[in-house]
Every structure is written in C-alpha cells, then in structure tokens.
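File shown: upload_37.tsv. Contents: TSV, C-alpha atoms.
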```
chain	number	residue	atom	x	y	z
A	1	MET	CA	43.81	-13.79	-40.14
A	2	LYS	CA	42.64	-10.21	-40.15
A	3	LEU	CA	39.27	-11.33	-38.67
A	4	TYR	CA	40.97	-13.20	-35.82
A	5	GLU	CA	43.27	-10.30	-35.06
A	6	GLU	CA	40.40	-7.77	-34.93
A	7	LEU	CA	38.25	-10.02	-32.73
A	8	ASP	CA	41.19	-10.61	-30.43
A	9	GLN	CA	41.83	-6.89	-30.17
A	10	ASN	CA	38.13	-6.20	-29.45
A	11	LEU	CA	38.04	-8.81	-26.69
A	12	LYS	CA	41.20	-7.45	-25.10
A	13	SER	CA	39.88	-3.92	-25.35
A	14	LEU	CA	36.61	-4.98	-23.70
A	15	ASN	CA	38.42	-6.86	-20.95
A	16	GLU	CA	40.55	-3.83	-20.07
A	17	LYS	CA	37.47	-1.61	-19.48
A	18	ASN	CA	35.71	-1.77	-16.13
A	19	TYR	CA	32.96	0.45	-17.40
A	20	LEU	CA	31.72	1.14	-20.94
A	21	ASP	CA	29.94	4.32	-21.73
A	22	GLU	CA	27.47	4.74	-24.59
A	23	LYS	CA	30.23	5.92	-26.98
A	24	ASP	CA	32.29	2.74	-26.34
A	25	LYS	CA	29.24	0.52	-26.83
A	26	LYS	CA	28.35	2.17	-30.15
A	27	GLU	CA	31.93	1.94	-31.40
A	28	ILE	CA	32.23	-1.79	-30.63
A	29	PHE	CA	28.80	-2.46	-32.08
A	30	ASN	CA	29.68	-0.65	-35.34
A	31	ARG	CA	32.97	-2.49	-35.66
A	32	LEU	CA	31.23	-5.82	-35.18
A	33	SER	CA	28.56	-4.92	-37.73
A	34	ASN	CA	31.21	-3.98	-40.31
A	35	MET	CA	33.14	-7.19	-39.67
A	36	ILE	CA	30.05	-9.33	-40.10
A	37	ALA	CA	29.03	-7.51	-43.29
A	38	GLU	CA	32.51	-7.89	-44.72
A	39	ASP	CA	32.74	-11.62	-44.11
A	40	ALA	CA	29.15	-12.58	-44.84
A	41	ARG	CA	29.83	-13.43	-48.53
A	42	PRO	CA	27.95	-16.12	-50.46
A	43	HIS	CA	31.16	-18.19	-51.13
A	44	ARG	CA	30.90	-21.60	-49.49
A	45	THR	CA	34.56	-21.60	-48.57
A	46	PHE	CA	34.03	-18.59	-46.30
A	47	GLN	CA	30.75	-19.61	-44.62
A	48	TRP	CA	32.58	-20.79	-41.53
A	49	LYS	CA	33.98	-17.28	-41.08
A	50	TYR	CA	30.47	-15.87	-41.21
A	51	TYR	CA	29.18	-18.18	-38.49
A	52	PHE	CA	32.29	-17.60	-36.43
A	53	SER	CA	31.73	-13.85	-36.72
A	54	LEU	CA	28.13	-14.21	-35.56
A	55	THR	CA	29.18	-16.28	-32.56
A	56	ALA	CA	31.92	-13.85	-31.60
A	57	ALA	CA	29.61	-10.89	-32.04
A	58	SER	CA	26.96	-12.49	-29.83
A	59	LEU	CA	29.55	-13.18	-27.16
A	60	LEU	CA	30.79	-9.60	-27.27
A	61	LEU	CA	27.26	-8.21	-27.04
A	62	VAL	CA	26.54	-10.37	-24.00
A	63	LEU	CA	29.75	-9.18	-22.34
A	64	LEU	CA	28.90	-5.65	-23.34
A	65	PHE	CA	25.48	-5.45	-21.68
A	66	LEU	CA	25.88	-7.97	-18.83
A	67	PRO	CA	27.61	-5.48	-16.45
A	68	SER	CA	24.77	-2.98	-16.87
A	69	VAL	CA	22.16	-5.61	-15.97
A	70	MET	CA	24.15	-6.86	-12.99
A	71	ASN	CA	24.74	-3.33	-11.68
A	72	LYS	CA	21.02	-2.61	-11.90
A	73	GLU	CA	20.14	-5.78	-9.96
A	74	ILE	CA	22.73	-5.01	-7.28
A	75	ALA	CA	21.42	-1.47	-6.94
A	76	GLU	CA	17.87	-2.76	-6.52
A	77	GLU	CA	18.99	-5.22	-3.82
A	78	LYS	CA	20.77	-2.49	-1.89
A	79	ALA	CA	17.87	-0.05	-2.14
A	80	PRO	CA	16.32	0.53	1.30
A	81	SER	CA	12.93	-1.05	1.81
A	82	ALA	CA	9.99	1.25	2.30
A	83	GLU	CA	8.96	1.93	5.88
A	84	LYS	CA	5.94	0.16	7.13
A	85	SER	CA	2.88	2.25	6.47
A	86	TYR	CA	-0.69	2.10	7.59
A	87	PRO	CA	-3.63	2.99	5.39
A	88	ASP	CA	-6.03	5.71	6.32
A	89	GLU	CA	-9.22	4.10	7.60
A	90	THR	CA	-11.86	5.98	5.62
A	91	ARG	CA	-14.53	3.38	4.95
A	92	GLU	CA	-18.10	4.12	5.93
A	93	LEU	CA	-19.48	1.48	8.26
A	94	LYS	CA	-22.76	-0.02	7.13
A	95	THR	CA	-24.34	-2.52	9.47
A	96	ALA	CA	-27.90	-3.78	9.00
A	97	ASP	CA	-30.09	-0.70	8.56
A	98	ILE	CA	-27.60	1.65	10.20
A	99	THR	CA	-25.42	3.83	7.99
A	100	THR	CA	-22.81	5.91	9.77
A	101	ASP	CA	-19.99	8.24	8.86
A	102	PHE	CA	-18.00	7.11	11.89
A	103	LYS	CA	-14.36	6.71	10.83
A	104	LEU	CA	-10.87	7.20	12.18
A	105	THR	CA	-8.57	9.90	10.94
A	106	GLU	CA	-5.20	8.87	9.52
A	107	MET	CA	-3.43	9.71	12.80
A	108	GLU	CA	-5.98	7.77	14.84
A	109	TYR	CA	-5.82	4.76	12.56
A	110	ILE	CA	-2.01	4.62	12.68
A	111	ALA	CA	-2.12	4.74	16.49
A	112	TYR	CA	-4.79	2.02	16.48
A	113	ALA	CA	-2.79	-0.21	14.12
A	114	LYS	CA	0.37	0.13	16.21
A	115	LEU	CA	-1.59	-0.52	19.38
A	116	LYS	CA	-2.83	-3.80	17.88
A	117	GLU	CA	0.75	-4.83	17.20
A	118	ASP	CA	2.23	-4.53	20.70
A	119	LEU	CA	-0.55	-3.28	23.05
A	120	ASN	CA	1.65	-0.37	24.12
A	121	GLU	CA	-0.55	2.57	25.03
A	122	ALA	CA	2.38	4.91	24.41
A	123	HIS	CA	1.04	4.99	20.83
A	124	ILE	CA	-2.00	6.98	21.99
A	125	LYS	CA	-0.07	9.38	24.18
A	126	GLY	CA	-0.72	12.91	23.01
A	127	LEU	CA	-4.03	12.06	21.36
A	128	LYS	CA	-7.08	14.00	22.46
A	129	PRO	CA	-9.71	12.20	24.57
A	130	VAL	CA	-12.22	12.13	21.69
A	131	SER	CA	-9.64	10.38	19.46
A	132	ILE	CA	-8.93	7.79	22.15
A	133	ALA	CA	-12.67	7.20	22.57
A	134	LYS	CA	-13.00	6.70	18.79
A	135	ILE	CA	-10.19	4.10	18.83
A	136	TYR	CA	-12.01	2.34	21.67
A	137	VAL	CA	-15.21	2.22	19.59
A	138	GLN	CA	-13.34	0.96	16.51
A	139	ALA	CA	-11.62	-1.77	18.54
A	140	ASN	CA	-15.03	-2.92	19.82
A	141	LEU	CA	-16.44	-2.95	16.29
A	142	ASP	CA	-13.46	-5.05	15.13
A	143	GLU	CA	-13.71	-7.28	18.23
A	144	GLU	CA	-10.10	-6.48	19.14
A	145	LEU	CA	-10.65	-7.28	22.80
A	146	GLU	CA	-6.99	-7.02	23.80
A	147	VAL	CA	-6.93	-3.47	22.48
A	148	VAL	CA	-10.24	-2.66	24.15
A	149	TYR	CA	-8.92	-3.78	27.54
A	150	GLU	CA	-5.65	-1.90	27.05
A	151	LEU	CA	-7.62	1.32	26.56
A	152	TYR	CA	-9.31	0.99	29.95
A	153	THR	CA	-7.85	2.88	32.90
A	154	ASP	CA	-5.31	1.13	35.11
A	155	ARG	CA	-5.81	3.42	38.09
A	156	THR	CA	-6.47	1.45	41.28
A	157	ASP	CA	-8.55	4.13	43.01
A	158	VAL	CA	-11.48	3.67	40.62
A	159	HIS	CA	-13.74	0.81	39.65
A	160	ILE	CA	-11.94	-1.81	37.51
A	161	ILE	CA	-12.85	-5.16	35.98
A	162	PRO	CA	-10.18	-7.91	36.16
A	163	LYS	CA	-8.91	-8.97	32.74
A	164	GLU	CA	-10.03	-12.58	33.19
A	165	GLU	CA	-13.56	-11.47	34.03
A	166	PHE	CA	-13.60	-9.10	31.06
A	167	PHE	CA	-12.69	-11.85	28.59
A	168	GLU	CA	-15.09	-14.34	30.12
A	169	ASN	CA	-18.03	-12.02	29.51
A	170	LYS	CA	-20.15	-13.43	26.68
A	171	ASN	CA	-22.83	-10.76	26.78
A	172	ARG	CA	-21.24	-8.31	24.36
A	173	SER	CA	-22.98	-5.70	22.24
A	174	THR	CA	-23.48	-6.36	18.55
A	175	LYS	CA	-22.08	-4.00	15.95
A	176	GLU	CA	-25.56	-2.60	15.42
A	177	GLN	CA	-25.87	-1.87	19.12
A	178	LEU	CA	-22.39	-0.33	19.30
A	179	LEU	CA	-23.14	2.01	16.42
A	180	GLU	CA	-26.47	2.91	17.94
A	181	ILE	CA	-24.75	3.81	21.22
A	182	PHE	CA	-21.53	5.46	20.03
A	183	ASP	CA	-22.23	6.95	16.61
A	184	GLY	CA	-21.87	10.69	17.00
A	185	ILE	CA	-19.01	10.49	19.49
A	186	GLN	CA	-16.67	11.59	16.69
A	187	LYS	CA	-18.37	15.00	16.87
A	188	GLY	CA	-18.47	15.10	20.66
A	189	THR	CA	-17.04	17.65	23.07
A	190	PHE	CA	-14.71	16.69	25.90
A	191	ILE	CA	-15.22	18.29	29.30
A	192	GLU	CA	-12.48	17.86	31.89
A	193	GLU	CA	-13.47	17.55	35.53
A	194	ASP	CA	-11.63	17.59	38.85
A	195	GLY	CA	-9.62	14.60	40.03
A	196	GLY	CA	-8.31	13.58	36.63
A	197	THR	CA	-11.69	12.65	35.22
A	198	GLY	CA	-13.77	13.93	32.33
A	199	HIS	CA	-16.50	13.03	29.90
A	200	ILE	CA	-17.46	13.43	26.24
A	201	THR	CA	-20.90	14.76	25.46
A	202	TYR	CA	-22.35	13.96	22.03
A	203	THR	CA	-25.58	13.40	20.19
A	204	ARG	CA	-26.40	9.92	18.94
A	205	THR	CA	-27.95	9.18	15.56
A	206	SER	CA	-31.27	8.71	17.30
A	207	GLY	CA	-31.06	12.26	18.60
A	208	GLU	CA	-30.55	11.16	22.20
A	209	PRO	CA	-27.69	12.68	24.24
A	210	GLY	CA	-24.60	10.56	24.82
A	211	HIS	CA	-22.20	10.63	27.76
A	212	PHE	CA	-18.79	8.87	27.67
A	213	SER	CA	-16.62	8.83	30.83
A	214	MET	CA	-12.81	8.96	30.74
A	215	ILE	CA	-10.04	8.94	33.34
A	216	LYS	CA	-6.52	10.33	33.16
A	217	ASP	CA	-3.99	7.75	34.32
A	218	GLU	CA	-0.82	8.53	36.26
A	219	ASP	CA	1.17	8.50	32.99
A	220	GLY	CA	-0.90	11.44	31.76
A	221	ILE	CA	-2.76	9.43	29.11
A	222	TRP	CA	-6.54	9.63	28.98
A	223	ASN	CA	-8.10	6.16	29.25
A	224	VAL	CA	-11.64	4.85	29.15
A	225	SER	CA	-13.64	4.26	32.28
A	226	PHE	CA	-14.68	0.62	32.78
A	227	MET	CA	-18.29	1.78	32.76
A	228	PRO	CA	-18.05	4.62	30.20
A	229	ILE	CA	-21.73	5.06	29.33
A	230	GLN	CA	-23.40	4.79	32.72
```

What does the file become when written as structure tokens?
Amino acid sequence: MKLYEELDQNLKSLNEKNYLDEKDKKEIFNRLSNMIAEDARPHRTFQWKYYFSLTAASLLLVLLFLPSVMNKEIAEEKAPSAEKSYPDETRELKTADITTDFKLTEMEYIAYAKLKEDLNEAHIKGLKPVSIAKIYVQANLDEELEVVYELYTDRTDVHIIPKEEFFENKNRSTKEQLLEIFDGIQKGTFIEEDGGTGHITYTRTSGEPGHFSMIKDEDGIWNVSFMPIQ
C-alpha cells in the first residue's frame, strides 16, 4: 500500500504544478529511482510491483518532460520568419573566350532582384546612373526582357520603341557580344548634360572607348536611352 500511496502523491504533486524547474525534476526522479530499487526484489510474489513501478515511473517521466517539448515547439512556431533576403551577385561571368569581372554590388543586385519581382522602377530610385546601367546590362545577360524594357526611358519627347516592337525583335545580341560591348562600364564615368540627359564614358576590354546614353525621366530617375550605344 505504501507504493500506491507514494505514486498517488507524486501524481497529484505533478498535476498541481504548471511548471517544473530542474530541482523539482531531480527530486521526482530520485524518488522514483528509490521506489523502483526498493521494490525490485527477486521474490516472485513481488514481481508485479516491480513492473507496476516501472510503468508508473515511465508515465511520470513522460509527463515530466512533455511540457518542455511542447513549449519548445510552440515557441518555434511563434518565432518570426526571417525577412526575404537576396544574395550578393559576385560571380565572375565567363562566356566563350571572354572572361570579365563585371558584377553587381550587393545594393545593385537587391534592386535588380526586386525589379524582377514587380517591375517597379522605384527600386532603382536613388541609384547612380552607372549602377542603373549595370543592372540594364545584367538584365540583358539574363534575358530578363521585361526588366530591360522597364529600364528604358518613358519620356515622350525622345525616341522610343513601342513595347510590342521591342519584344518582337529577334535580332538580339549574344552574351559574348553584350560582354564585348559593355564590359568596362562598371568602371565608367557619368557625365551629365543639359536637358536631363547624360552619358557614361568607359573603356571596353578591347581597349576601345565606350559611350552609353541615359535620360532622366520626370520622376527624377535616370533611365536608359532606347539607343544607348549609338
């Protein structure tokens, strides 16, 4: 009867606690261990007490540690998810026999990634003209035509190409040709002109000078001219 009474008291004690600290856990564990050792005698008439003690002890241990596991799972579910992040585009482009160090900075790549998501040029507002030109080159290399067109100027007082005509054009430059034309623009210098226009001067890999035209739109964002390298 002593075994039943002690088990009953342990269960009631456990049920009354909403939270068990390490001291409570050790105390219950020691009491269970002593009870099992006391009743685990080799007499056949008492074997059922031994097995009953083991079962009760297992049940108590489950009840003892289950709240800790459940609290941990609940905490993990409530933990805020990490904000969406974009990797820094640092790979070196290698196409055919052309090796280039052209790459976007972390800020440029984040703007480019967001631009691909919703085609909202507000993501490039505040970027310098050279950075916008680099995003334009990267979009061409990746064949992201929607992004390419979004980066063109939308001013009506300059030459424009309708979107349908732009997408119908099948005579597009290869990656090798793009790198041959634009590699070096990342080290270029922007020169602003009158009338909200400007151009980037740079030196291509071949050693030839490069000229890249840009236009400031009414929203104050620098965009690419429809004929940037003429």

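The space between atom CA of A:Asp101 and atom CA of A:Asp118 spans 28.2 Å.
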
Subject >> Interatomic distance (Å, one decimal) between atom CA of A:Glu144 and atom CA of A:Gln177 >> reply: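 Atom-to-atom, atom CA of A:Glu144 to atom CA of A:Gln177, that is 16.4 Å.
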
**OP:** Find the residues around A:Gly210 up to 6 Å (all atoms listed in the file counted), leave out those fewer than 3 positions away in its own chain, and share them as a PyMOL selection string.
**Re:** chain A and resi 201-203

Keeping only C-alpha atoms, write those residues as a CSV table (one decimal), keeping the file's coordinate frame.
```csv
chain,number,residue,atom,x,y,z
A,201,THR,CA,-20.9,14.8,25.5
A,202,TYR,CA,-22.4,14.0,22.0
A,203,THR,CA,-25.6,13.4,20.2
```

Subject >> Atom-to-atom span, atom CA of A:Glu193 and atom CA of A:Ile132, Å >> reply: 17.2 Å

Original post:
Which is closer to A:Val158 than all the others in A:Glu121, A:Phe212, A:Gly195, A:Arg204, using only C-alpha atoms?
Top reply: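 For A:Val158, the nearest of the given residues is A:Gly195.
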
Is it possible to produce a file of stretch 106-119 of chain A from this structure, with all heavy atoms, as a CSV table (one decimal), in the first residue's frame?
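Done, and the output landed in decode.csv:
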```
chain,number,residue,atom,x,y,z
A,106,GLU,N,26.2,44.4,-54.0
A,106,GLU,CA,25.0,43.9,-53.2
A,106,GLU,C,23.8,44.8,-53.4
A,106,GLU,O,22.7,44.3,-53.6
A,106,GLU,CB,25.4,43.7,-51.7
A,106,GLU,CG,24.3,43.2,-50.9
A,106,GLU,CD,24.7,43.0,-49.4
A,106,GLU,OE1,25.8,43.4,-49.1
A,106,GLU,OE2,23.9,42.5,-48.7
A,107,MET,N,24.0,46.1,-53.3
A,107,MET,CA,22.9,47.0,-53.4
A,107,MET,C,22.2,47.0,-54.8
A,107,MET,O,21.0,47.0,-54.9
A,107,MET,CB,23.4,48.5,-53.1
A,107,MET,CG,22.3,49.5,-53.2
A,107,MET,SD,22.9,51.2,-52.9
A,107,MET,CE,23.5,51.0,-51.2
A,108,GLU,N,23.1,46.9,-55.8
A,108,GLU,CA,22.6,46.8,-57.2
A,108,GLU,C,21.8,45.5,-57.4
A,108,GLU,O,20.8,45.5,-58.0
A,108,GLU,CB,23.7,46.9,-58.1
A,108,GLU,CG,24.4,48.3,-58.2
A,108,GLU,CD,25.8,48.2,-58.8
A,108,GLU,OE1,26.3,47.1,-59.2
A,108,GLU,OE2,26.4,49.3,-59.0
A,109,TYR,N,22.3,44.4,-56.8
A,109,TYR,CA,21.7,43.1,-57.1
A,109,TYR,C,20.3,43.0,-56.3
A,109,TYR,O,19.4,42.5,-56.9
A,109,TYR,CB,22.6,42.0,-56.6
A,109,TYR,CG,22.0,40.6,-57.0
A,109,TYR,CD1,22.1,40.2,-58.3
A,109,TYR,CD2,21.3,39.8,-56.1
A,109,TYR,CE1,21.6,39.0,-58.7
A,109,TYR,CE2,20.8,38.6,-56.5
A,109,TYR,CZ,20.9,38.2,-57.8
A,109,TYR,OH,20.4,37.0,-58.1
A,110,ILE,N,20.2,43.6,-55.1
A,110,ILE,CA,19.0,43.6,-54.4
A,110,ILE,C,17.9,44.4,-55.2
A,110,ILE,O,16.8,44.0,-55.4
A,110,ILE,CB,19.1,44.2,-53.0
A,110,ILE,CG1,19.9,43.3,-52.1
A,110,ILE,CG2,17.8,44.5,-52.4
A,110,ILE,CD1,20.3,43.8,-50.8
A,111,ALA,N,18.3,45.6,-55.8
A,111,ALA,CA,17.4,46.4,-56.6
A,111,ALA,C,17.0,45.6,-57.8
A,111,ALA,O,15.8,45.7,-58.2
A,111,ALA,CB,18.1,47.7,-57.0
A,112,TYR,N,17.9,44.9,-58.4
A,112,TYR,CA,17.7,44.2,-59.6
A,112,TYR,C,16.7,43.0,-59.3
A,112,TYR,O,15.7,42.8,-60.0
A,112,TYR,CB,19.0,43.6,-60.2
A,112,TYR,CG,18.8,42.6,-61.3
A,112,TYR,CD1,18.0,42.9,-62.4
A,112,TYR,CD2,19.6,41.4,-61.3
A,112,TYR,CE1,17.9,41.9,-63.5
A,112,TYR,CE2,19.5,40.5,-62.3
A,112,TYR,CZ,18.7,40.8,-63.4
A,112,TYR,OH,18.6,39.9,-64.4
A,113,ALA,N,16.9,42.3,-58.2
A,113,ALA,CA,16.0,41.2,-57.8
A,113,ALA,C,14.6,41.7,-57.5
A,113,ALA,O,13.6,41.1,-57.9
A,113,ALA,CB,16.6,40.5,-56.6
A,114,LYS,N,14.5,42.8,-56.9
A,114,LYS,CA,13.2,43.4,-56.6
A,114,LYS,C,12.5,43.9,-57.8
A,114,LYS,O,11.2,43.8,-58.0
A,114,LYS,CB,13.3,44.5,-55.6
A,114,LYS,CG,13.6,44.1,-54.2
A,114,LYS,CD,13.7,45.2,-53.2
A,114,LYS,CE,14.0,44.7,-51.8
A,114,LYS,NZ,14.0,45.8,-50.8
A,115,LEU,N,13.3,44.4,-58.7
A,115,LEU,CA,12.7,44.9,-60.0
A,115,LEU,C,12.1,43.8,-60.8
A,115,LEU,O,11.1,43.9,-61.5
A,115,LEU,CB,13.8,45.6,-60.8
A,115,LEU,CG,13.4,46.4,-62.0
A,115,LEU,CD1,12.4,47.5,-61.6
A,115,LEU,CD2,14.6,47.1,-62.7
A,116,LYS,N,12.8,42.6,-60.7
A,116,LYS,CA,12.3,41.4,-61.4
A,116,LYS,C,11.0,40.9,-60.9
A,116,LYS,O,10.1,40.4,-61.6
A,116,LYS,CB,13.3,40.3,-61.4
A,116,LYS,CG,14.5,40.5,-62.3
A,116,LYS,CD,15.3,39.2,-62.4
A,116,LYS,CE,16.0,38.8,-61.1
A,116,LYS,NZ,16.9,37.7,-61.3
A,117,GLU,N,10.7,41.2,-59.6
A,117,GLU,CA,9.5,40.7,-58.9
A,117,GLU,C,8.3,41.5,-59.3
A,117,GLU,O,7.3,40.9,-59.6
A,117,GLU,CB,9.7,40.8,-57.4
A,117,GLU,CG,10.7,39.8,-56.8
A,117,GLU,CD,10.8,40.0,-55.3
A,117,GLU,OE1,10.2,40.9,-54.8
A,117,GLU,OE2,11.5,39.1,-54.7
A,118,ASP,N,8.4,42.8,-59.4
A,118,ASP,CA,7.2,43.6,-59.7
A,118,ASP,C,7.3,44.7,-60.7
A,118,ASP,O,6.4,45.5,-61.0
A,118,ASP,CB,6.7,44.3,-58.4
A,118,ASP,CG,7.8,45.2,-57.7
A,118,ASP,OD1,8.8,45.5,-58.4
A,118,ASP,OD2,7.7,45.5,-56.5
A,119,LEU,N,8.5,44.8,-61.4
A,119,LEU,CA,8.8,45.8,-62.4
A,119,LEU,C,8.5,47.2,-62.0
A,119,LEU,O,8.0,48.0,-62.8
A,119,LEU,CB,8.0,45.4,-63.7
A,119,LEU,CG,8.3,44.0,-64.3
A,119,LEU,CD1,7.3,43.8,-65.5
A,119,LEU,CD2,9.7,44.0,-64.8
```
